[in-house]
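Just input09.csv here, CSV, C-alpha atoms:
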chain,number,residue,atom,x,y,z
A,1,MET,CA,25.2,9.6,-7.4
A,2,THR,CA,21.6,10.8,-7.4
A,3,GLN,CA,19.9,11.7,-10.6
A,4,PRO,CA,19.1,15.4,-11.0
A,5,ARG,CA,15.4,16.3,-10.8
A,6,PRO,CA,13.7,17.2,-14.0
A,7,PRO,CA,12.3,20.8,-14.4
A,8,LEU,CA,8.7,21.2,-13.4
A,9,VAL,CA,7.6,21.0,-17.0
A,10,GLY,CA,9.2,17.5,-17.1
A,11,TYR,CA,6.5,16.2,-14.8
A,12,LEU,CA,3.6,17.3,-16.9
A,13,PRO,CA,3.3,14.4,-19.4
A,14,GLY,CA,3.2,11.7,-16.7
A,15,LEU,CA,0.8,13.8,-14.5
A,16,ALA,CA,-1.5,14.5,-17.5
A,17,LEU,CA,-1.5,10.8,-18.4
A,18,SER,CA,-2.3,9.7,-14.9
A,19,ALA,CA,-5.0,12.4,-14.6
A,20,ALA,CA,-6.6,11.3,-18.0
A,21,LEU,CA,-6.8,7.7,-16.8
A,22,ALA,CA,-8.3,8.8,-13.5
A,23,ALA,CA,-10.9,10.9,-15.4
A,24,ALA,CA,-11.7,7.8,-17.6
A,25,ALA,CA,-12.1,5.7,-14.4
A,26,TRP,CA,-14.5,8.2,-12.9
A,27,ALA,CA,-16.4,8.3,-16.2
A,28,LEU,CA,-16.7,4.5,-16.3
A,29,GLN,CA,-17.9,4.4,-12.7
A,30,GLU,CA,-20.6,6.9,-13.7
A,31,VAL,CA,-21.7,4.7,-16.6
A,32,GLU,CA,-22.0,1.8,-14.1
A,33,VAL,CA,-24.1,3.8,-11.8
A,34,ARG,CA,-26.4,4.9,-14.5
A,35,ALA,CA,-26.7,1.4,-15.9
A,36,THR,CA,-27.1,-0.6,-12.7
A,37,GLY,CA,-27.9,1.9,-10.0
A,38,HIS,CA,-24.5,1.5,-8.2
A,39,ALA,CA,-20.8,1.2,-9.0
A,40,VAL,CA,-20.0,-2.5,-9.7
A,41,VAL,CA,-16.3,-1.7,-9.8
A,42,GLU,CA,-15.2,1.5,-8.1
A,43,ALA,CA,-13.1,4.2,-9.8
A,44,LEU,CA,-10.1,3.3,-7.5
A,45,VAL,CA,-10.0,-0.2,-9.0
A,46,LEU,CA,-10.9,0.9,-12.5
A,47,ALA,CA,-7.9,3.3,-12.5
A,48,ILE,CA,-5.5,0.5,-11.6
A,49,LEU,CA,-7.0,-1.7,-14.3
A,50,LEU,CA,-6.8,1.0,-16.9
A,51,GLY,CA,-3.2,1.7,-16.1
A,52,MET,CA,-2.4,-2.0,-16.3
A,53,ILE,CA,-4.1,-2.3,-19.7
A,54,VAL,CA,-2.1,0.7,-21.1
A,55,ARG,CA,1.1,-0.7,-19.6
A,56,THR,CA,0.4,-4.1,-21.3
A,57,PHE,CA,0.4,-2.6,-24.8
A,58,TRP,CA,2.7,0.4,-24.2
A,59,LYS,CA,5.5,1.0,-21.8
A,60,PRO,CA,5.8,4.8,-21.0
A,61,GLY,CA,9.3,6.0,-21.8
A,62,ALA,CA,11.6,8.5,-20.1
A,63,ARG,CA,9.4,11.4,-21.0
A,64,TRP,CA,6.5,10.1,-19.0
A,65,GLU,CA,8.3,8.5,-16.1
A,66,PRO,CA,8.9,11.6,-13.8
A,67,GLY,CA,5.2,12.6,-13.7
A,68,ILE,CA,4.0,9.0,-13.3
A,69,SER,CA,6.4,8.4,-10.4
A,70,LEU,CA,5.4,11.7,-8.8
A,71,THR,CA,1.7,10.8,-9.0
A,72,ALA,CA,2.2,7.3,-7.7
A,73,LYS,CA,4.3,8.5,-4.7
A,74,GLN,CA,4.1,12.1,-3.7
A,75,VAL,CA,0.5,12.7,-4.9
A,76,LEU,CA,-0.6,9.6,-3.0
A,77,GLU,CA,1.2,10.7,0.1
A,78,ILE,CA,-0.5,14.1,0.0
A,79,ALA,CA,-3.9,12.4,-0.5
A,80,ILE,CA,-3.3,10.3,2.6
A,81,VAL,CA,-2.5,13.4,4.6
A,82,LEU,CA,-5.7,15.1,3.4
A,83,LEU,CA,-7.7,12.0,4.3
A,84,GLY,CA,-6.9,12.7,7.9
A,85,ALA,CA,-9.0,15.8,7.8
A,86,SER,CA,-12.2,13.8,7.4
A,87,VAL,CA,-11.6,10.8,9.7
A,88,ASN,CA,-13.1,10.3,13.2
A,89,LEU,CA,-10.0,9.3,15.1
A,90,PRO,CA,-11.8,8.1,18.3
A,91,LEU,CA,-14.0,5.9,16.2
A,92,LEU,CA,-11.1,4.3,14.4
A,93,LEU,CA,-9.2,3.7,17.7
A,94,ARG,CA,-12.2,2.2,19.5
A,95,ALA,CA,-10.6,-1.3,19.4
A,96,GLY,CA,-7.8,0.0,21.6
A,97,ALA,CA,-5.1,-2.3,23.0
A,98,PRO,CA,-6.3,-5.5,21.3
A,99,LEU,CA,-5.8,-3.9,17.9
A,100,VAL,CA,-2.3,-2.8,18.7
A,101,ILE,CA,-1.5,-6.3,20.0
A,102,ALA,CA,-3.0,-7.9,16.9
A,103,ILE,CA,-0.9,-5.6,14.6
A,104,LEU,CA,2.3,-6.4,16.4
A,105,ALA,CA,1.5,-10.2,16.4
A,106,VAL,CA,0.8,-10.1,12.7
A,107,VAL,CA,3.9,-8.3,11.8
A,108,ALA,CA,6.1,-10.5,14.0
A,109,THR,CA,4.6,-13.7,12.7
A,110,GLY,CA,4.6,-12.4,9.1
A,111,LEU,CA,8.4,-11.8,9.3
A,112,VAL,CA,9.1,-15.2,10.8
A,113,ALA,CA,6.6,-17.2,8.6
A,114,GLY,CA,7.6,-15.3,5.5
A,115,TYR,CA,11.3,-16.0,6.0
A,116,GLY,CA,10.6,-19.7,6.9
A,117,ILE,CA,8.4,-20.3,3.8
A,118,GLY,CA,11.1,-18.7,1.6
A,119,ARG,CA,13.9,-20.8,3.0
A,120,ALA,CA,11.7,-23.9,2.9
A,121,LEU,CA,11.2,-23.3,-0.8
A,122,GLY,CA,15.0,-23.0,-1.3
A,123,LEU,CA,15.3,-19.2,-1.6
A,124,ASN,CA,18.6,-17.6,-0.3
A,125,PRO,CA,18.4,-16.0,3.1
A,126,ARG,CA,18.5,-12.4,1.8
A,127,LEU,CA,15.7,-12.9,-0.7
A,128,ALA,CA,13.6,-14.7,1.9
A,129,THR,CA,14.2,-11.8,4.3
A,130,LEU,CA,13.1,-9.2,1.7
A,131,ILE,CA,10.0,-11.1,0.8
A,132,ALA,CA,9.1,-11.5,4.5
A,133,CYS,CA,9.7,-7.8,5.2
A,134,GLY,CA,7.7,-6.6,2.2
A,135,ASN,CA,4.7,-8.7,3.0
A,136,ALA,CA,4.7,-8.1,6.8
A,137,ILE,CA,5.3,-4.4,6.8
A,138,CYS,CA,5.0,-2.0,3.9
A,139,GLY,CA,5.9,-3.5,0.5
A,140,ASN,CA,8.5,-2.0,-1.7
A,141,SER,CA,9.4,0.6,0.9
A,142,ALA,CA,10.4,-2.1,3.4
A,143,ILE,CA,12.3,-4.0,0.8
A,144,ALA,CA,14.2,-0.9,-0.3
A,145,ALA,CA,15.0,0.0,3.4
A,146,VAL,CA,16.1,-3.5,4.5
A,147,ALA,CA,18.1,-4.5,1.4
A,148,PRO,CA,21.2,-2.4,2.1
A,149,VAL,CA,21.4,-3.5,5.8
A,150,ILE,CA,21.4,-7.2,4.9
A,151,GLY,CA,23.7,-6.9,1.9
A,152,ALA,CA,21.0,-7.9,-0.7
A,153,ASP,CA,22.0,-7.5,-4.3
A,154,ASP,CA,20.0,-5.9,-7.1
A,155,GLU,CA,18.7,-9.3,-8.3
A,156,ASP,CA,17.3,-10.1,-4.9
A,157,VAL,CA,15.6,-6.7,-4.7
A,158,ALA,CA,14.1,-7.0,-8.2
A,159,SER,CA,12.9,-10.6,-7.6
A,160,SER,CA,11.2,-9.7,-4.3
A,161,ILE,CA,9.4,-6.7,-5.8
A,162,ALA,CA,8.5,-8.1,-9.3
A,163,PHE,CA,5.6,-10.3,-8.4
A,164,THR,CA,4.1,-8.3,-5.6
A,165,ALA,CA,2.7,-5.5,-7.9
A,166,VAL,CA,0.6,-8.1,-9.8
A,167,LEU,CA,-0.4,-10.0,-6.6
A,168,GLY,CA,-1.4,-6.7,-5.1
A,169,VAL,CA,-4.0,-6.1,-7.8
A,170,VAL,CA,-5.3,-9.7,-7.3
A,171,VAL,CA,-5.7,-9.0,-3.6
A,172,VAL,CA,-7.4,-5.7,-4.2
A,173,MET,CA,-10.0,-7.5,-6.3
A,174,GLY,CA,-10.3,-10.6,-4.2
A,175,LEU,CA,-10.1,-9.6,-0.6
A,176,PRO,CA,-13.6,-8.0,-0.4
A,177,LEU,CA,-15.0,-11.5,-1.4
A,178,LEU,CA,-14.0,-12.7,2.1
A,179,ILE,CA,-16.5,-10.3,3.8
A,180,PRO,CA,-19.5,-12.6,3.5
A,181,VAL,CA,-17.4,-15.7,4.1
A,182,LEU,CA,-16.0,-14.3,7.4
A,183,GLY,CA,-19.1,-12.4,8.3
A,184,PHE,CA,-17.1,-9.2,9.0
A,185,ASP,CA,-18.6,-5.7,9.2
A,186,ALA,CA,-17.0,-2.6,7.6
A,187,TYR,CA,-14.8,-2.0,10.6
A,188,ARG,CA,-13.5,-5.5,10.9
A,189,TYR,CA,-12.9,-5.7,7.2
A,190,GLY,CA,-10.9,-2.5,7.3
A,191,VAL,CA,-8.7,-4.0,10.1
A,192,LEU,CA,-8.2,-7.2,8.1
A,193,ALA,CA,-7.1,-5.2,5.0
A,194,GLY,CA,-4.9,-2.9,7.0
A,195,MET,CA,-3.1,-5.9,8.6
A,196,THR,CA,-2.6,-8.0,5.5
A,197,VAL,CA,-2.5,-6.0,2.2
A,198,TYR,CA,1.0,-5.4,0.8
A,199,ALA,CA,1.2,-1.6,0.4
A,200,VAL,CA,-0.6,1.5,1.4
A,201,PRO,CA,-2.1,2.3,-2.0
A,202,GLN,CA,-3.4,-1.3,-2.3
A,203,VAL,CA,-5.0,-1.0,1.1
A,204,ILE,CA,-6.8,2.1,0.0
A,205,ALA,CA,-7.9,0.4,-3.3
A,206,ALA,CA,-9.1,-2.7,-1.4
A,207,THR,CA,-11.1,-0.8,1.3
A,208,PHE,CA,-12.7,2.5,0.1
A,209,PRO,CA,-14.8,0.8,-2.5
A,210,VAL,CA,-16.3,-1.3,0.3
A,211,SER,CA,-17.1,1.7,2.6
A,212,ALA,CA,-15.5,4.9,3.9
A,213,LEU,CA,-15.2,3.4,7.4
A,214,SER,CA,-13.3,0.4,6.0
A,215,GLY,CA,-11.0,2.7,4.1
A,216,GLU,CA,-10.3,4.9,7.1
A,217,VAL,CA,-9.7,2.0,9.4
A,218,GLY,CA,-7.6,0.1,6.9
A,219,THR,CA,-5.4,3.1,6.2
A,220,LEU,CA,-4.8,3.8,9.9
A,221,VAL,CA,-4.0,0.2,10.6
A,222,LYS,CA,-1.6,0.0,7.7
A,223,LEU,CA,0.1,3.2,8.7
A,224,VAL,CA,0.8,1.6,12.2
A,225,ARG,CA,2.4,-1.3,10.3
A,226,VAL,CA,4.5,1.2,8.4
A,227,LEU,CA,5.8,2.7,11.7
A,228,LEU,CA,7.3,-0.7,12.5
A,229,LEU,CA,9.7,-0.4,9.6
A,230,GLY,CA,12.2,1.7,11.7
A,231,PRO,CA,12.6,-0.9,14.5
A,232,VAL,CA,12.9,-3.7,11.9
A,233,VAL,CA,15.6,-1.9,9.9
A,234,VAL,CA,17.5,-1.3,13.1
A,235,PHE,CA,17.1,-5.0,14.1
A,236,PHE,CA,18.6,-6.2,10.8
A,237,ALA,CA,21.3,-3.5,10.9
A,238,VAL,CA,22.5,-4.7,14.3
A,239,ARG,CA,22.1,-8.3,13.4
A,240,ASN,CA,24.2,-7.8,10.3
A,241,ARG,CA,26.6,-5.4,12.1
A,242,ARG,CA,25.8,-2.7,9.5
A,243,ILE,CA,24.4,-0.1,11.9
A,244,GLY,CA,27.5,2.1,11.6
A,245,GLU,CA,27.4,1.9,7.8
A,246,GLN,CA,23.9,3.1,7.4
A,247,LYS,CA,22.5,6.7,7.8
A,248,LEU,CA,19.0,6.1,8.9
A,249,ALA,CA,17.1,9.3,8.2
A,250,PRO,CA,14.2,10.2,10.5
A,251,GLY,CA,11.8,9.4,7.6
A,252,ALA,CA,12.8,5.8,7.9
A,253,PHE,CA,11.1,5.7,11.3
A,254,VAL,CA,8.1,8.0,10.8
A,255,PRO,CA,7.3,8.9,7.2
A,256,TRP,CA,6.1,12.5,6.9
A,257,PHE,CA,2.7,11.5,5.5
A,258,ILE,CA,1.9,9.4,8.6
A,259,THR,CA,2.6,12.5,10.8
A,260,GLY,CA,0.5,14.7,8.6
A,261,PHE,CA,-2.4,12.2,8.6
A,262,LEU,CA,-2.4,11.9,12.4
A,263,VAL,CA,-2.2,15.7,12.9
A,264,LEU,CA,-5.2,16.4,10.6
A,265,ALA,CA,-7.1,13.5,12.1
A,266,ALA,CA,-6.5,14.9,15.6
A,267,ALA,CA,-7.5,18.4,14.5
A,268,ARG,CA,-10.7,17.0,12.9
A,269,SER,CA,-11.6,15.0,16.0
A,270,LEU,CA,-11.1,18.0,18.2
A,271,GLY,CA,-13.3,20.1,16.0
A,272,ALA,CA,-10.6,22.4,14.7
A,273,ILE,CA,-11.6,21.3,11.1
A,274,PRO,CA,-15.3,21.9,10.5
A,275,ALA,CA,-17.4,19.5,8.4
A,276,GLU,CA,-17.9,22.1,5.6
A,277,VAL,CA,-14.1,22.1,5.2
A,278,ALA,CA,-13.5,18.4,5.7
A,279,LEU,CA,-16.0,17.3,3.0
A,280,PRO,CA,-14.3,19.1,0.0
A,281,VAL,CA,-10.9,18.1,1.4
A,282,ARG,CA,-12.0,14.5,1.5
A,283,GLU,CA,-13.2,14.8,-2.1
A,284,LEU,CA,-9.9,16.2,-3.2
A,285,SER,CA,-8.2,13.3,-1.5
A,286,ARG,CA,-10.3,10.8,-3.4
A,287,TRP,CA,-9.5,12.4,-6.8
A,288,MET,CA,-5.8,12.5,-6.0
A,289,THR,CA,-5.9,8.8,-4.9
A,290,VAL,CA,-7.6,7.7,-8.1
A,291,ALA,CA,-4.9,9.4,-10.1
A,292,ALA,CA,-2.3,7.7,-8.0
A,293,MET,CA,-3.9,4.4,-8.6
A,294,ALA,CA,-3.8,5.0,-12.3
A,295,ALA,CA,-0.1,5.8,-12.0
A,296,LEU,CA,0.5,2.6,-10.0
A,297,GLY,CA,-1.3,0.6,-12.7
A,298,LEU,CA,1.1,2.0,-15.3
A,299,GLY,CA,3.9,0.4,-13.4
A,300,VAL,CA,2.3,-3.1,-13.3
A,301,ASP,CA,3.4,-5.4,-16.1
A,302,VAL,CA,1.3,-8.6,-15.9
A,303,ARG,CA,3.9,-10.3,-18.0
A,304,VAL,CA,6.2,-10.3,-15.0
A,305,LEU,CA,4.6,-13.5,-14.0
A,306,GLY,CA,6.5,-15.3,-16.7
A,307,ARG,CA,9.8,-13.8,-15.6
A,308,VAL,CA,9.9,-14.4,-11.8
A,309,GLY,CA,10.6,-17.8,-10.5
A,310,GLY,CA,7.9,-20.2,-9.3
A,311,ARG,CA,9.5,-20.3,-5.8
A,312,VAL,CA,9.3,-16.5,-5.4
A,313,ILE,CA,5.6,-16.6,-6.4
A,314,ALA,CA,5.0,-19.5,-4.0
A,315,ALA,CA,6.8,-17.7,-1.2
A,316,VAL,CA,5.0,-14.4,-1.6
A,317,THR,CA,1.6,-16.1,-1.9
A,318,GLY,CA,2.2,-18.4,1.0
A,319,SER,CA,3.2,-15.5,3.2
A,320,LEU,CA,0.1,-13.6,2.3
A,321,ILE,CA,-2.1,-16.6,3.1
A,322,VAL,CA,-0.5,-16.8,6.6
A,323,LEU,CA,-1.1,-13.0,7.2
A,324,ILE,CA,-4.8,-13.2,6.1
A,325,SER,CA,-5.5,-16.4,8.2
A,326,LEU,CA,-3.8,-15.0,11.3
A,327,SER,CA,-5.3,-11.6,11.0
A,328,ALA,CA,-8.8,-13.0,10.6
A,329,ALA,CA,-8.3,-15.3,13.6
A,330,LEU,CA,-7.0,-12.5,15.8
A,331,ILE,CA,-9.8,-10.1,14.9
A,332,VAL,CA,-12.3,-12.8,16.1
A,333,LEU,CA,-10.4,-14.0,19.1
A,334,LEU,CA,-9.5,-10.6,20.5
A,335,GLY,CA,-13.0,-9.2,19.8
A,336,ILE,CA,-11.7,-6.4,17.6
A,337,GLY,CA,-14.5,-4.2,16.1

Output the structure of this file as structure tokens.
Amino acid sequence: MTQPRPPLVGYLPGLALSAALAAAAWALQEVEVRATGHAVVEALVLAILLGMIVRTFWKPGARWEPGISLTAKQVLEIAIVLLGASVNLPLLLRAGAPLVIAILAVVATGLVAGYGIGRALGLNPRLATLIACGNAICGNSAIAAVAPVIGADDEDVASSIAFTAVLGVVVVMGLPLLIPVLGFDAYRYGVLAGMTVYAVPQVIAATFPVSALSGEVGTLVKLVRVLLLGPVVVFFAVRNRRIGEQKLAPGAFVPWFITGFLVLAAARSLGAIPAEVALPVRELSRWMTVAAMAALGLGVDVRVLGRVGGRVIAAVTGSLIVLISLSAALIVLLGIG
């Protein structure tokens, strides 16, 4: 049975907490700018870190949870849609077919390699599959969608999700360090992040602090990966003969925020959304995204590292290394960017 939704006022505490942390992140960024002339750590990342710090010392209770969940999910999805109003779609799609080929290759290889690494480390087939799907496609959403069609139990789902929130923050902080090592420009880095980072919000946090172009490219590439969730769910449903038992909603194939993002991006590219409208919409999207990052940080408990097994940590980390290495190689070999 589904839990009844709280009244609108029930969302206010969590929304207010997320907004307060977002405001604090913006204030800290302003302090950085005034002290050094530029933002050493962007508000997007600061919001995640502030949320994690609060979560380490205090776990928000039931009163706060509805608003925090709303901010981390629905507010972020709306921010992604609004982002479409400011992107230059032809510029983002300039890589054409090679980029599509690379995304398909990374997802397919990520699924196979992730499963193989998990099994080699002694994980059961269901847990190895969940880790592979989470890393290769779209994080927790992929895990939640695939779990019922492969018969995974709650322990498998919890184990596959537990470490990835912490690892995601590490990737957000560490992936930009590869830019000088690989010699990538803003476009190529956006492609790399979009093809490798675990979840949509983490892609946003890992790219927009680098540049707007990196963020827009990374978001688009990641949303293409998300679109592959539908075919993957169907594959596992058929493979496990559960297709008749599952009611796959249209949203499992094309999440609404992807459609919204593409519609606004097309409208902006065709001139239907003028620059004087696009700029404030983009700023609103940024503020909403920072609030969503704070809410996500409130859900990250660094102490989870002590609770998940070493083999799960190794499997998730190994899969990520494969994705990053393959993506970087394909970007260079296919001349993307």

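Within the 12 Å cut-off around segment 267-279 of chain A, using all atoms listed in the file and omitting residues fewer than 5 positions from it on the same chain, the listed residues are Leu82, Leu83, Gly84, Ala85, Ser86, Val87, Asn88, Leu89, Pro90, Leu91, Leu92, Leu93, Gly260, Phe261, Leu262, Leu284, Ser285 and Arg286 of chain A.
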
- Message: At a cut-off of 12 Å around the point (18.5, -6.5, -4.7) (file coordinates), what residues fall inside when counting all atoms listed in the file? I'd like the answer as a PyMOL selection string.
- Response: chain A and resi 124+126-131+140+143-162

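For the atom pair formed by atom CA of Met173 of chain A and atom CA of Ala72 of chain A, the distance is 19.2 Å, given to one decimal.
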
- Query: Which is closer to Val54 of chain A than all the others in A:Ser18, A:Ser327, A:Ser211, A:Ser69, using all atoms listed in the file?
  - Reply: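 Among the listed residues, A:Ser18 lies closest to Val54 of chain A.
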
- Using all atoms listed in the file, which of A:Val172, A:Val221, A:Met52, A:Ala16 sits nearest Gly297 of chain A?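 Residue with the minimum atom-to-atom distance to Gly297 of chain A: A:Met52.
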
- Task: Can you work out which one of A:Val312, A:Ala328, A:Leu44, A:Leu264 has the shortest atom-to-atom distance to Ala206 of chain A, counting all atoms listed in the file?
- Result: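 The closest residue to Ala206 of chain A is A:Leu44.
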
Please complete segment 134-157 of chain A with N, CA, C and O atoms and give it back as a PDB file, in the coordinates of the input.
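File written: selection_8.pdb
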ATOM      1  N   GLY A 134       8.687  -7.282   3.049  1.00  0.00           N
ATOM      2  CA  GLY A 134       7.700  -6.600   2.200  1.00  0.00           C
ATOM      3  C   GLY A 134       6.308  -6.994   2.490  1.00  0.00           C
ATOM      4  O   GLY A 134       5.439  -6.130   2.563  1.00  0.00           O
ATOM      5  N   ASN A 135       6.034  -8.272   2.713  1.00  0.00           N
ATOM      6  CA  ASN A 135       4.700  -8.700   3.000  1.00  0.00           C
ATOM      7  C   ASN A 135       4.233  -8.278   4.408  1.00  0.00           C
ATOM      8  O   ASN A 135       3.093  -7.879   4.613  1.00  0.00           O
ATOM      9  N   ALA A 136       5.130  -8.358   5.377  1.00  0.00           N
ATOM     10  CA  ALA A 136       4.700  -8.100   6.800  1.00  0.00           C
ATOM     11  C   ALA A 136       4.592  -6.657   7.110  1.00  0.00           C
ATOM     12  O   ALA A 136       3.824  -6.305   8.010  1.00  0.00           O
ATOM     13  N   ILE A 137       5.317  -5.773   6.399  1.00  0.00           N
ATOM     14  CA  ILE A 137       5.300  -4.400   6.800  1.00  0.00           C
ATOM     15  C   ILE A 137       4.727  -3.445   5.776  1.00  0.00           C
ATOM     16  O   ILE A 137       3.570  -3.051   5.881  1.00  0.00           O
ATOM     17  N   CYS A 138       5.497  -3.075   4.779  1.00  0.00           N
ATOM     18  CA  CYS A 138       5.000  -2.000   3.900  1.00  0.00           C
ATOM     19  C   CYS A 138       5.495  -2.148   2.463  1.00  0.00           C
ATOM     20  O   CYS A 138       5.883  -1.150   1.849  1.00  0.00           O
ATOM     21  N   GLY A 139       5.565  -3.357   1.944  1.00  0.00           N
ATOM     22  CA  GLY A 139       5.900  -3.500   0.500  1.00  0.00           C
ATOM     23  C   GLY A 139       7.218  -3.068   0.092  1.00  0.00           C
ATOM     24  O   GLY A 139       8.235  -3.289   0.770  1.00  0.00           O
ATOM     25  N   ASN A 140       7.244  -2.393  -1.057  1.00  0.00           N
ATOM     26  CA  ASN A 140       8.500  -2.000  -1.700  1.00  0.00           C
ATOM     27  C   ASN A 140       9.342  -1.100  -0.788  1.00  0.00           C
ATOM     28  O   ASN A 140      10.573  -1.125  -0.844  1.00  0.00           O
ATOM     29  N   SER A 141       8.694  -0.255   0.020  1.00  0.00           N
ATOM     30  CA  SER A 141       9.400   0.600   0.900  1.00  0.00           C
ATOM     31  C   SER A 141      10.252  -0.176   1.923  1.00  0.00           C
ATOM     32  O   SER A 141      11.401   0.154   2.223  1.00  0.00           O
ATOM     33  N   ALA A 142       9.650  -1.235   2.447  1.00  0.00           N
ATOM     34  CA  ALA A 142      10.400  -2.100   3.400  1.00  0.00           C
ATOM     35  C   ALA A 142      11.512  -2.810   2.713  1.00  0.00           C
ATOM     36  O   ALA A 142      12.617  -2.926   3.262  1.00  0.00           O
ATOM     37  N   ILE A 143      11.270  -3.300   1.504  1.00  0.00           N
ATOM     38  CA  ILE A 143      12.300  -4.000   0.800  1.00  0.00           C
ATOM     39  C   ILE A 143      13.489  -3.062   0.489  1.00  0.00           C
ATOM     40  O   ILE A 143      14.655  -3.424   0.688  1.00  0.00           O
ATOM     41  N   ALA A 144      13.183  -1.840   0.050  1.00  0.00           N
ATOM     42  CA  ALA A 144      14.200  -0.900  -0.300  1.00  0.00           C
ATOM     43  C   ALA A 144      15.022  -0.480   0.988  1.00  0.00           C
ATOM     44  O   ALA A 144      16.237  -0.237   0.917  1.00  0.00           O
ATOM     45  N   ALA A 145      14.352  -0.403   2.137  1.00  0.00           N
ATOM     46  CA  ALA A 145      15.000   0.000   3.400  1.00  0.00           C
ATOM     47  C   ALA A 145      15.870  -1.110   3.968  1.00  0.00           C
ATOM     48  O   ALA A 145      16.946  -0.862   4.525  1.00  0.00           O
ATOM     49  N   VAL A 146      15.388  -2.345   3.855  1.00  0.00           N
ATOM     50  CA  VAL A 146      16.100  -3.500   4.500  1.00  0.00           C
ATOM     51  C   VAL A 146      17.223  -3.989   3.597  1.00  0.00           C
ATOM     52  O   VAL A 146      18.246  -4.477   4.104  1.00  0.00           O
ATOM     53  N   ALA A 147      17.080  -3.889   2.282  1.00  0.00           N
ATOM     54  CA  ALA A 147      18.100  -4.500   1.400  1.00  0.00           C
ATOM     55  C   ALA A 147      19.507  -4.073   1.668  1.00  0.00           C
ATOM     56  O   ALA A 147      20.383  -4.953   1.748  1.00  0.00           O
ATOM     57  N   PRO A 148      19.816  -2.788   1.866  1.00  0.00           N
ATOM     58  CA  PRO A 148      21.200  -2.400   2.100  1.00  0.00           C
ATOM     59  C   PRO A 148      21.773  -2.945   3.429  1.00  0.00           C
ATOM     60  O   PRO A 148      22.966  -3.234   3.525  1.00  0.00           O
ATOM     61  N   VAL A 149      20.919  -3.078   4.448  1.00  0.00           N
ATOM     62  CA  VAL A 149      21.400  -3.500   5.800  1.00  0.00           C
ATOM     63  C   VAL A 149      21.662  -4.995   5.844  1.00  0.00           C
ATOM     64  O   VAL A 149      22.325  -5.474   6.767  1.00  0.00           O
ATOM     65  N   ILE A 150      21.110  -5.771   4.898  1.00  0.00           N
ATOM     66  CA  ILE A 150      21.400  -7.200   4.900  1.00  0.00           C
ATOM     67  C   ILE A 150      22.287  -7.604   3.745  1.00  0.00           C
ATOM     68  O   ILE A 150      22.565  -8.789   3.550  1.00  0.00           O
ATOM     69  N   GLY A 151      22.743  -6.609   2.973  1.00  0.00           N
ATOM     70  CA  GLY A 151      23.700  -6.900   1.900  1.00  0.00           C
ATOM     71  C   GLY A 151      23.012  -7.546   0.680  1.00  0.00           C
ATOM     72  O   GLY A 151      23.668  -8.280  -0.071  1.00  0.00           O
ATOM     73  N   ALA A 152      21.710  -7.296   0.451  1.00  0.00           N
ATOM     74  CA  ALA A 152      21.000  -7.900  -0.700  1.00  0.00           C
ATOM     75  C   ALA A 152      21.490  -7.252  -1.988  1.00  0.00           C
ATOM     76  O   ALA A 152      21.760  -6.051  -2.035  1.00  0.00           O
ATOM     77  N   ASP A 153      21.587  -8.048  -3.043  1.00  0.00           N
ATOM     78  CA  ASP A 153      22.000  -7.500  -4.300  1.00  0.00           C
ATOM     79  C   ASP A 153      20.793  -7.076  -5.148  1.00  0.00           C
ATOM     80  O   ASP A 153      19.640  -7.297  -4.754  1.00  0.00           O
ATOM     81  N   ASP A 154      21.051  -6.464  -6.298  1.00  0.00           N
ATOM     82  CA  ASP A 154      20.000  -5.900  -7.100  1.00  0.00           C
ATOM     83  C   ASP A 154      19.028  -7.031  -7.591  1.00  0.00           C
ATOM     84  O   ASP A 154      17.815  -6.804  -7.723  1.00  0.00           O
ATOM     85  N   GLU A 155      19.547  -8.214  -7.869  1.00  0.00           N
ATOM     86  CA  GLU A 155      18.700  -9.300  -8.300  1.00  0.00           C
ATOM     87  C   GLU A 155      17.710  -9.729  -7.261  1.00  0.00           C
ATOM     88  O   GLU A 155      16.539 -10.007  -7.543  1.00  0.00           O
ATOM     89  N   ASP A 156      18.178  -9.780  -5.990  1.00  0.00           N
ATOM     90  CA  ASP A 156      17.300 -10.100  -4.900  1.00  0.00           C
ATOM     91  C   ASP A 156      16.170  -9.081  -4.757  1.00  0.00           C
ATOM     92  O   ASP A 156      14.999  -9.428  -4.559  1.00  0.00           O
ATOM     93  N   VAL A 157      16.536  -7.812  -4.846  1.00  0.00           N
ATOM     94  CA  VAL A 157      15.600  -6.700  -4.700  1.00  0.00           C
ATOM     95  C   VAL A 157      14.536  -6.814  -5.849  1.00  0.00           C
ATOM     96  O   VAL A 157      13.320  -6.738  -5.623  1.00  0.00           O
TER      97      VAL A 157
END
